[in-house]
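Engineer: Have a look at the structure that comes next, please.
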Amino acid sequence: MDIQFYYPRWGSENSSWGDFCYQVKRAGYHGVEAPVPEDPEEQQVIFEALKSNGLRLIGQYYQSFEKDFEAHKANYTKQLYVLAMAQPVKINAQTGKDYFSFEQNAELFAIADIISEECGITISHETHRNKALFAAHVTHDFLKKLPGLKLTADFSHWCNVAESLLEDQEEALVHACKKVEHIHSRVGHTQSAQVIDPRLPVFKNELDAHLKWWDAIVKAHKDQKKEVLTITTEFGPAPYMVHLPVTDMPVASQWDINLHMMHLLKERYCK
């Protein structure tokens with residue numbers, strides 16, 4: 001099984017696309033996870049930078065801002081088509097809202113399925129706070145009723161929502177790990193979706209918990225004879241990354257942590 005690693009554009013927006021892609025390629029990544037703008041000229045800059053550096057793209061949808069469901073649905077549909085036209089490896093979607101009804105969020109999942117079928121691109125849905133799949137038990141219910149649902153596993157959010165390392169939600173996690181198409185390898189804890197630095201011994205329990213879940217996802221992929229698993233090392237900038245008051249200096253390097261996570265997981269899964 002081929003395991004591919006992607007770096008998030010999130011946190012590097014101040015770098016030009018050319019410089020960003022050059023650094024990502026040099027670091028040993030296979031590609032970039034990023035949103036795609038609607039403007040054709042902006043798109044061309046991104047596509048040229050990716051192509052010249054031999055990088056792939058995972059399209060990212062995060063624009064779940066509209067409270068009105070019909071407006072939300074219209075923008076969701078439009079943005080997924082924008083991403084699909086870029087022909088990414090796959091699309092990661094932060095689908096829906098935690099306050100939408102089950103039926104409303106299910107309608108959005110159905111739209112994604114239609115677009116996925118039309119365009120031949122896998123769309124997986126992120127386990128993210130504030131979105132449809134914001135908690136383990138809620139996602140478990142969706143998976144029981146919508147067995148074809150594909151997940152992007154960012155279980156750090158579930159830890160934060162549940163204020164636990166999900167010790168009492170094993171059934172939901174076992175089910176979810178079998179439905180994952182894409183991983184965000186961020187480590188969360190009971191009070192935040194991102195530990196300060198996963199290299200610190202104080203966060204060993206949190207890292208071990210997430211490694212156990214990622215191990216289960218890798219095993220499920222192998223058992224299902226899937227050819228590719230994609231992983232984005234998605235430790236983020238502020239406000240995910242702790243900054244010191246007054247000076248506003250980050251307490252760790254986003255780039256260094258993400259590189260560490262890639263090397264850790266390559267050593268674990270790509271021997």
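Please note that chains go A, B, ... in the order of the structure tokens, that every chain numbers its residues from 1, and that ligands are numbered from 1 in the order shown.
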Could you pull the residues within 12 Å of Asn130 (chain A), counting only C-alpha atoms, minus those fewer than 3 positions along the same chain, as a compact mmCIF listing (two decimals) with N, CA and C atoms, in the first residue's frame?

Structural biologist:
```txt
# COMPACT_ATOMS: atom_id res chain seq x y z
N TYR A 62 -13.72 24.25 3.31
CA TYR A 62 -13.91 24.62 4.72
C TYR A 62 -14.95 25.73 4.89
N GLN A 63 -15.50 26.23 3.78
CA GLN A 63 -16.30 27.45 3.82
C GLN A 63 -17.74 27.18 4.27
N SER A 64 -17.88 26.54 5.42
CA SER A 64 -19.22 26.24 5.97
C SER A 64 -19.69 27.41 6.84
N PHE A 65 -20.03 28.52 6.22
CA PHE A 65 -20.29 29.74 6.99
C PHE A 65 -21.77 30.13 7.05
N LYS A 67 -25.58 30.27 7.74
CA LYS A 67 -26.52 29.70 8.70
C LYS A 67 -27.77 29.17 8.00
N GLN A 94 -15.11 19.82 4.96
CA GLN A 94 -15.67 20.08 6.29
C GLN A 94 -17.17 20.33 6.09
N THR A 95 -17.90 19.24 6.03
CA THR A 95 -19.29 19.28 5.57
C THR A 95 -20.27 19.60 6.69
N GLY A 96 -21.24 20.47 6.38
CA GLY A 96 -22.38 20.68 7.26
C GLY A 96 -22.12 21.53 8.48
N LYS A 97 -23.08 21.45 9.40
CA LYS A 97 -23.03 22.21 10.66
C LYS A 97 -23.52 21.32 11.79
N ASP A 98 -22.98 21.56 12.99
CA ASP A 98 -23.42 20.78 14.14
C ASP A 98 -24.87 21.09 14.51
N TYR A 99 -25.38 22.27 14.11
CA TYR A 99 -26.76 22.62 14.45
C TYR A 99 -27.75 22.32 13.32
N PHE A 100 -27.28 21.85 12.17
CA PHE A 100 -28.21 21.37 11.15
C PHE A 100 -28.81 20.05 11.61
N GLU A 126 -14.68 15.58 6.89
CA GLU A 126 -13.78 15.72 8.04
C GLU A 126 -14.52 15.69 9.37
N THR A 127 -13.95 14.99 10.31
CA THR A 127 -14.46 14.93 11.68
C THR A 127 -14.00 16.18 12.42
N LEU A 133 -19.91 16.21 11.46
CA LEU A 133 -19.28 15.07 12.13
C LEU A 133 -18.42 15.53 13.30
N PHE A 134 -18.99 16.39 14.14
CA PHE A 134 -18.23 17.07 15.19
C PHE A 134 -17.89 16.19 16.38
N ALA A 135 -18.55 15.04 16.53
CA ALA A 135 -18.34 14.20 17.71
C ALA A 135 -18.40 12.73 17.32
N HIS A 157 -10.25 16.67 17.09
CA HIS A 157 -11.46 17.44 17.38
C HIS A 157 -12.39 16.69 18.32
N TRP A 158 -12.53 15.40 18.09
CA TRP A 158 -13.41 14.60 18.95
C TRP A 158 -12.91 14.59 20.39
N ASN A 160 -11.30 16.98 21.90
CA ASN A 160 -11.62 18.28 22.45
C ASN A 160 -13.11 18.38 22.79
N VAL A 161 -13.97 17.94 21.87
CA VAL A 161 -15.41 18.00 22.09
C VAL A 161 -15.83 17.16 23.30
```

Engineer: So which residues of region 26-160 of chain A fall under alpha helix (DSSP H) by DSSP, listed as a PyMOL selection string?

Structural biologist: chain A and resi 26-27+40-52+69-85+102-119+136-145+155-160

Engineer: Extract, using only C-alpha atoms, all DNA, RNA and protein residues at most 12 Å from Val218 (chain A), discarding same-chain residues fewer than 3 positions from it, and format them as a compact mmCIF listing (two decimals) with C-alpha atoms, in the first residue's frame.

Structural biologist:
```
# COMPACT_ATOMS: atom_id res chain seq x y z
CA MET A 1 0.00 0.00 0.00
CA ASP A 2 1.23 3.46 -0.98
CA ILE A 3 1.10 6.06 1.81
CA ALA A 153 -10.04 11.35 10.31
CA CYS A 177 -11.47 3.77 11.41
CA LYS A 178 -12.90 1.39 8.82
CA LYS A 179 -14.45 4.29 6.90
CA VAL A 180 -11.43 6.62 6.68
CA GLU A 181 -10.08 7.74 3.30
CA HIS A 182 -7.75 10.48 4.52
CA ILE A 183 -5.97 11.36 7.78
CA LEU A 211 -1.14 6.47 16.93
CA LYS A 212 -3.40 3.62 18.02
CA TRP A 213 -6.24 5.05 15.92
CA TRP A 214 -3.99 5.69 12.92
CA ASP A 215 -2.63 2.13 13.21
CA HIS A 221 -6.84 -0.04 4.45
CA LYS A 222 -4.64 -3.10 4.10
CA ASP A 223 -7.48 -5.46 5.01
CA GLN A 224 -9.71 -3.77 2.42
CA LYS A 225 -6.85 -4.00 -0.12
CA LYS A 226 -6.87 -0.28 -0.82
CA GLU A 227 -3.89 0.92 -2.81
CA VAL A 228 -3.37 4.44 -1.39
CA LEU A 229 -3.74 6.16 1.97
CA THR A 230 -3.21 9.93 2.15
CA ILE A 231 -2.06 11.78 5.26
CA LEU A 265 4.66 8.15 10.43
CA ARG A 268 6.07 3.64 11.41
CA TYR A 269 4.24 2.74 8.21
CA CYS A 270 6.61 2.91 5.25
```

Engineer: Any idea what's packed within 9 Å of Trp255 (chain A), counting only C-alpha atoms, ignoring anything in its chain fewer than 5 positions away? Could you give it as a PyMOL selection string?

Structural biologist: chain A and resi 11+235-236+260

Engineer: Write down as number ranges by chain the residues belonging to region 26-153 of chain A that are assigned strand (DSSP E) by DSSP computed on the backbone.

Structural biologist: A: 31-34, 56-61, 90-93, 123-126, 151-153

Engineer: Could you write out that same residue set with C-alpha atoms as a tab-separated table (two decimals), in the first residue's frame?

Structural biologist:
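As a result, selection-v5.tsv now contains:
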```
chain	number	residue	atom	x	y	z
A	31	GLY	CA	1.68	17.08	-2.32
A	32	VAL	CA	-0.28	19.92	-0.77
A	33	GLU	CA	-3.74	20.16	0.79
A	34	ALA	CA	-5.36	23.49	0.01
A	56	ARG	CA	-0.17	16.56	-6.10
A	57	LEU	CA	-3.20	18.37	-4.72
A	58	ILE	CA	-5.84	17.44	-2.17
A	59	GLY	CA	-8.67	19.96	-2.48
A	60	GLN	CA	-9.95	21.39	0.78
A	61	TYR	CA	-13.44	22.70	1.47
A	90	LYS	CA	-9.30	13.73	-3.61
A	91	ILE	CA	-11.38	16.34	-1.81
A	92	ASN	CA	-11.50	16.80	1.95
A	93	ALA	CA	-14.74	18.52	2.97
A	123	ILE	CA	-14.85	13.21	-1.39
A	124	SER	CA	-14.28	12.45	2.29
A	125	HIS	CA	-15.84	14.36	5.17
A	126	GLU	CA	-13.78	15.72	8.04
A	151	LEU	CA	-14.29	10.09	6.48
A	152	THR	CA	-11.30	12.33	6.87
A	153	ALA	CA	-10.04	11.35	10.31
```
